[in-house]
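Have a look at final_31.cif below; it lists mmCIF, C-alpha atoms and all ligand atoms.
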```cif
data_query
loop_
_atom_site.label_atom_id
_atom_site.label_comp_id
_atom_site.auth_asym_id
_atom_site.auth_seq_id
_atom_site.Cartn_x
_atom_site.Cartn_y
_atom_site.Cartn_z
CA MET Z 287 -10.07 6.14 -11.46
CA ASP Z 288 -8.42 8.06 -8.67
CA THR Z 289 -9.63 6.92 -5.28
CA VAL Z 290 -7.09 9.01 -3.38
CA LYS Z 291 -8.48 12.21 -1.93
CA LYS Z 292 -5.25 13.96 -1.11
CA ASP Z 293 -6.72 17.45 -0.82
CA ASN Z 294 -8.69 16.52 2.28
CA ASN Z 295 -5.96 14.37 3.76
CA PRO Z 296 -3.66 16.14 6.25
CA ALA Z 297 -1.62 12.92 6.71
CA TYR Z 298 -0.65 12.44 3.06
CA SER Z 299 3.05 12.99 2.33
CA ARG Z 300 5.60 11.06 0.32
CA THR Z 301 8.53 12.60 2.18
CA ASP Z 302 7.40 12.99 5.80
CA LYS Z 303 8.52 9.91 7.75
CA SER Z 304 6.89 10.84 11.06
CA LYS Z 305 4.17 8.51 12.32
CA VAL Z 306 0.59 9.48 11.57
CA ASN Z 307 -1.93 9.64 14.39
CA LEU Z 308 -5.37 10.66 13.20
CA SER Z 309 -8.61 9.87 14.98
CA GLU Z 310 -11.10 7.60 13.21
CA GLU Z 311 -13.25 10.68 12.60
CA GLU Z 312 -10.33 12.45 10.91
CA TRP Z 313 -9.53 9.37 8.82
CA LYS Z 314 -13.12 9.19 7.67
CA LYS Z 315 -12.88 12.76 6.39
CA ALA Z 316 -9.43 12.25 4.87
CA LEU Z 317 -10.03 9.04 2.91
CA SER Z 318 -12.43 7.99 0.19
CA PRO Z 319 -15.01 5.40 1.38
CA GLU Z 320 -13.19 2.63 -0.56
CA VAL Z 321 -9.82 3.37 1.01
CA TYR Z 322 -11.34 3.91 4.47
CA TYR Z 323 -13.08 0.53 4.37
CA ILE Z 324 -9.85 -1.35 3.73
CA ALA Z 325 -7.27 0.85 5.47
CA ARG Z 326 -9.18 1.51 8.69
CA GLN Z 327 -11.82 -1.24 8.84
CA LYS Z 328 -9.54 -4.04 7.58
CA GLY Z 329 -11.77 -4.76 4.63
CA THR Z 330 -10.78 -6.81 1.59
CA GLU Z 331 -11.38 -5.84 -2.00
CA ARG Z 332 -12.95 -8.45 -4.28
CA PRO Z 333 -10.24 -10.59 -5.94
CA GLY Z 334 -9.41 -9.70 -9.51
CA THR Z 335 -10.73 -6.14 -9.23
CA SER Z 336 -7.47 -4.21 -8.85
CA LYS Z 337 -5.97 -2.53 -11.88
CA PHE Z 338 -2.58 -3.16 -10.24
CA GLU Z 339 -2.91 -6.94 -10.14
CA LYS Z 340 -1.60 -7.50 -13.67
CA SER Z 341 0.19 -4.17 -14.08
CA GLU Z 342 3.82 -4.36 -15.19
CA GLU Z 343 4.50 -0.63 -15.15
CA VAL Z 344 7.77 0.47 -13.60
CA GLY Z 345 7.48 2.71 -10.58
CA THR Z 346 6.70 2.91 -6.88
CA TYR Z 347 3.65 1.88 -4.89
CA TYR Z 348 2.74 4.17 -1.99
CA CYS Z 349 0.25 3.83 0.86
CA ALA Z 350 -2.95 5.44 -0.42
CA ALA Z 351 -3.80 6.63 3.09
CA CYS Z 352 -0.56 8.44 3.97
CA GLY Z 353 1.87 8.38 0.99
CA ASN Z 354 4.46 6.13 2.65
CA PRO Z 355 6.57 4.31 -0.02
CA LEU Z 356 5.75 0.58 0.32
CA PHE Z 357 6.83 -1.44 -2.72
CA LYS Z 358 8.87 -1.07 -5.91
CA SER Z 359 7.47 -2.52 -9.10
CA ASN Z 360 10.56 -4.74 -9.47
CA ALA Z 361 9.45 -6.71 -6.37
CA LYS Z 362 6.02 -7.32 -7.90
CA PHE Z 363 5.07 -10.69 -9.37
CA ASP Z 364 1.98 -12.32 -10.80
CA SER Z 365 0.89 -14.75 -8.08
CA GLY Z 366 -2.48 -15.49 -9.65
CA CYS Z 367 -4.12 -15.06 -6.23
CA GLY Z 368 -6.35 -12.18 -7.33
CA TRP Z 369 -4.54 -9.34 -5.56
CA PRO Z 370 -1.39 -7.35 -6.32
CA SER Z 371 1.54 -9.39 -4.96
CA PHE Z 372 5.08 -8.44 -4.01
CA TYR Z 373 8.00 -10.46 -2.60
CA GLU Z 374 9.54 -7.66 -0.53
CA PRO Z 375 8.76 -4.16 0.75
CA ILE Z 376 10.95 -1.11 0.04
CA SER Z 377 12.45 -1.19 3.53
CA LYS Z 378 12.09 -3.10 6.81
CA THR Z 379 10.18 -0.20 8.34
CA SER Z 380 7.73 0.19 5.42
CA ILE Z 381 5.48 -2.49 6.91
CA ILE Z 382 4.25 -3.50 10.37
CA TYR Z 383 3.49 -7.20 10.94
CA THR Z 384 0.68 -8.35 13.23
CA PRO Z 385 -0.59 -11.88 13.92
CA ASP Z 386 -4.15 -12.27 12.65
CA THR Z 387 -6.29 -15.22 13.73
CA THR Z 388 -9.64 -14.01 12.36
CA LEU Z 389 -11.62 -16.34 10.08
CA GLY Z 390 -10.07 -19.30 11.93
CA MET Z 391 -6.75 -18.93 10.12
CA ALA Z 392 -3.28 -18.12 11.44
CA ARG Z 393 -2.14 -15.34 9.16
CA THR Z 394 0.18 -12.35 9.38
CA GLU Z 395 -1.47 -9.03 8.72
CA THR Z 396 0.53 -6.28 7.00
CA GLN Z 397 -0.03 -2.65 7.95
CA CYS Z 398 1.56 0.55 6.72
CA GLY Z 399 4.62 1.35 8.85
CA ARG Z 400 3.70 5.03 8.96
CA CYS Z 401 -0.07 5.22 9.45
CA LYS Z 402 -0.99 1.61 10.34
CA ALA Z 403 -3.43 1.31 7.44
CA HIS Z 404 -4.44 -2.30 6.83
CA LEU Z 405 -2.79 -3.40 3.58
CA GLY Z 406 -3.32 -7.15 3.37
CA HIS Z 407 -1.40 -10.22 4.51
CA VAL Z 408 1.98 -11.84 3.97
CA PHE Z 409 2.34 -15.56 3.22
CA GLU Z 410 5.38 -17.83 3.01
CA ASP Z 411 4.70 -19.22 -0.45
CA GLY Z 412 6.34 -16.49 -2.53
CA PRO Z 413 9.18 -16.68 -5.04
CA PRO Z 414 12.93 -16.22 -4.40
CA PRO Z 415 14.82 -14.38 -3.05
CA THR Z 416 12.52 -13.92 -0.03
CA GLY Z 417 10.00 -16.74 -0.40
CA LEU Z 418 7.37 -14.28 0.75
CA ARG Z 419 4.12 -13.21 -0.89
CA TYR Z 420 2.78 -9.84 0.20
CA CYS Z 421 -0.85 -10.06 -0.85
CA ILE Z 422 -2.01 -6.44 -0.91
CA ASN Z 423 -5.33 -4.73 -1.57
CA GLY Z 424 -4.87 -2.54 -4.64
CA VAL Z 425 -7.31 0.05 -3.27
CA VAL Z 426 -4.81 1.06 -0.58
CA LEU Z 427 -1.96 1.40 -3.10
CA ASP Z 428 -1.11 4.59 -4.90
CA PHE Z 429 1.16 4.05 -7.92
CA GLU Z 430 3.51 6.49 -9.55
CA LYS Z 431 5.44 5.68 -12.72
CA ALA Z 432 9.21 5.99 -12.41
CA GLN Z 433 9.79 8.69 -14.99
CA GLU Z 434 6.98 10.89 -13.62
CA ALA Z 435 8.46 10.69 -10.13
CA GLU Z 436 11.86 11.67 -11.49
CA LYS Z 437 10.40 14.56 -13.42
CA LYS Z 438 8.68 15.95 -10.33
CA TYR Z 439 11.92 15.65 -8.38
CA ASN Z 440 13.80 17.59 -11.05
CA ASP Z 441 11.08 20.24 -11.33
CA LYS Z 442 11.27 20.80 -7.60
CA LYS Z 443 15.04 21.25 -7.71
CA GLY Z 444 14.66 23.94 -10.39
CA GLU Z 445 12.28 26.05 -8.30
ZN ZN Q 1 0.15 4.65 5.38
#
```

Can you present the structure in this file as structure tokens?
Ligand SMILES: [Zn+2]
Amino acid sequence: MDTVKKDNNPAYSRTDKSKVNLSEEEWKKALSPEVYYIARQKGTERPGTSKFEKSEEVGTYYCAACGNPLFKSNAKFDSGCGWPSFYEPISKTSIIYTPDTTLGMARTETQCGRCKAHLGHVFEDGPPPTGLRYCINGVVLDFEKAQEAEKKYNDKKGE
């Protein structure tokens, strides 16, 4: 199931680091309804529904809204919480952190550092070395296996 509509999405790039500023109307056109609901309306997917939750494939997880690299599979762990979980992002600027006090809880929201898509939350009950648990909605992740990414890179160089 591919929920990423890249053809209609002017923001999507895995190499462009510039910040994305689309209007809500443009986001609505660019994203599938599932991604829009979580990325722009701060929705939450039902626990246990993401194909990424138990995935152990080696590769990179990108923001499904803009293509920003967010997590490597080697920082992924099985937290049992019902959502894909990671203990650290690819870089400090991959993620934006915002205090979230909705639902009567003091939590820290995680957003994409490039397009500000809502990703999930980060909690302080993760494993070493960070002790953090990035609890991320799988719908807003776009995964690419390591060898496929390498192949594309090499193909591009040969052009
Ligand atoms: Zn993004």

*Find the residues near Gly329 of chain Z: any atom within 12 Å, counting all atoms listed in the file, skip ones fewer than 2 places away on the same chain, and give them as a VMD selection string.*
chain Z and resid 319 to 327 331 to 332 395 403 to 407 422 to 426

*Of the candidates Z:Leu389, Z:Val408, Z:Leu427, Z:Cys349, which one gets nearest to ligand ZN 1 (chain Q) if we count all atoms listed in the file?*
Z:Cys349

*Would you please work out which residue, of Z:Gln397, Z:Ser304, Z:Thr388, Z:Asn360, is nearest to ligand ZN 1 (chain Q) when using all atoms listed in the file?*
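Of Z:Gln397, Z:Ser304, Z:Thr388, Z:Asn360, the one nearest ligand ZN 1 (chain Q) is Z:Gln397, counting all atoms listed in the file.
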
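Straight-line separation from atom CA of Ser336 of chain Z to atom CA of Tyr348 of chain Z: 14.9 Å.
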
Contact check, chain Z to ligand ZN 1 (chain Q), at most 7 Å, counting only C-alpha atoms and all ligand atoms, closest pairs as a Markdown table:
```
| residue | atom | partner | partner_atom | distance |
| --- | --- | --- | --- | --- |
| Z:Cys349 | CA | Q:ZN1 | ZN | 4.6 |
| Z:Ala350 | CA | Q:ZN1 | ZN | 6.6 |
| Z:Ala351 | CA | Q:ZN1 | ZN | 5.0 |
| Z:Cys352 | CA | Q:ZN1 | ZN | 4.1 |
| Z:Gly353 | CA | Q:ZN1 | ZN | 6.0 |
| Z:Asn354 | CA | Q:ZN1 | ZN | 5.3 |
| Z:Cys398 | CA | Q:ZN1 | ZN | 4.5 |
| Z:Gly399 | CA | Q:ZN1 | ZN | 6.6 |
| Z:Arg400 | CA | Q:ZN1 | ZN | 5.1 |
| Z:Cys401 | CA | Q:ZN1 | ZN | 4.1 |
| Z:Lys402 | CA | Q:ZN1 | ZN | 5.9 |
| Z:Ala403 | CA | Q:ZN1 | ZN | 5.3 |
```

_Nearest to Thr416 of chain Z, chosen from Z:Lys303, Z:Glu374, Z:Val344, Z:Gly368, with only C-alpha atoms counted in the distances_ = Z:Glu374

*Residue list as a ChimeraX atom specification for point (-5.6, -9.9, -8.5), cut-off 7 Å, all atoms listed in the file*: /Z:333-336,339-340,366-370

*Which of these, Z:Pro385, Z:Pro296, Z:Gly390, Z:Pro375, has the shortest distance to Arg419 of chain Z once you count all atoms listed in the file?*
Z:Pro375

*asked:* One number please: atom CA of Glu410 of chain Z to atom CA of Ser359 of chain Z, in Å, one decimal.
replied: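 One can read the atom CA of Glu410 of chain Z to atom CA of Ser359 of chain Z distance as 19.6 Å.
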
_When you count all atoms listed in the file, which of these residues is closest to Leu356 of chain Z: Z:Ser380, Z:Ser318, Z:Thr330, Z:Ser371?_
Z:Ser380

*asked:* List as an MDAnalysis selection string the protein and nucleic acid residues near Ala361 of chain Z, meaning an atom at most 7 Å away when all atoms listed in the file are counted, but skip any in the same chain fewer than 4 places from it.
replied: chainID Z and resid 357 372:374

*Would you mind reading off the distance between atom CA of Leu317 of chain Z and atom CA of Asn295 of chain Z, one decimal, in Å?*
6.8 Å

_Nearest-residue call for Lys431 of chain Z, choices Z:Glu310, Z:Asp293, Z:Asp302, Z:Glu343, using only C-alpha atoms_ =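 Comparing Z:Glu310, Z:Asp293, Z:Asp302, Z:Glu343 against Lys431 of chain Z, the winner is Z:Glu343.
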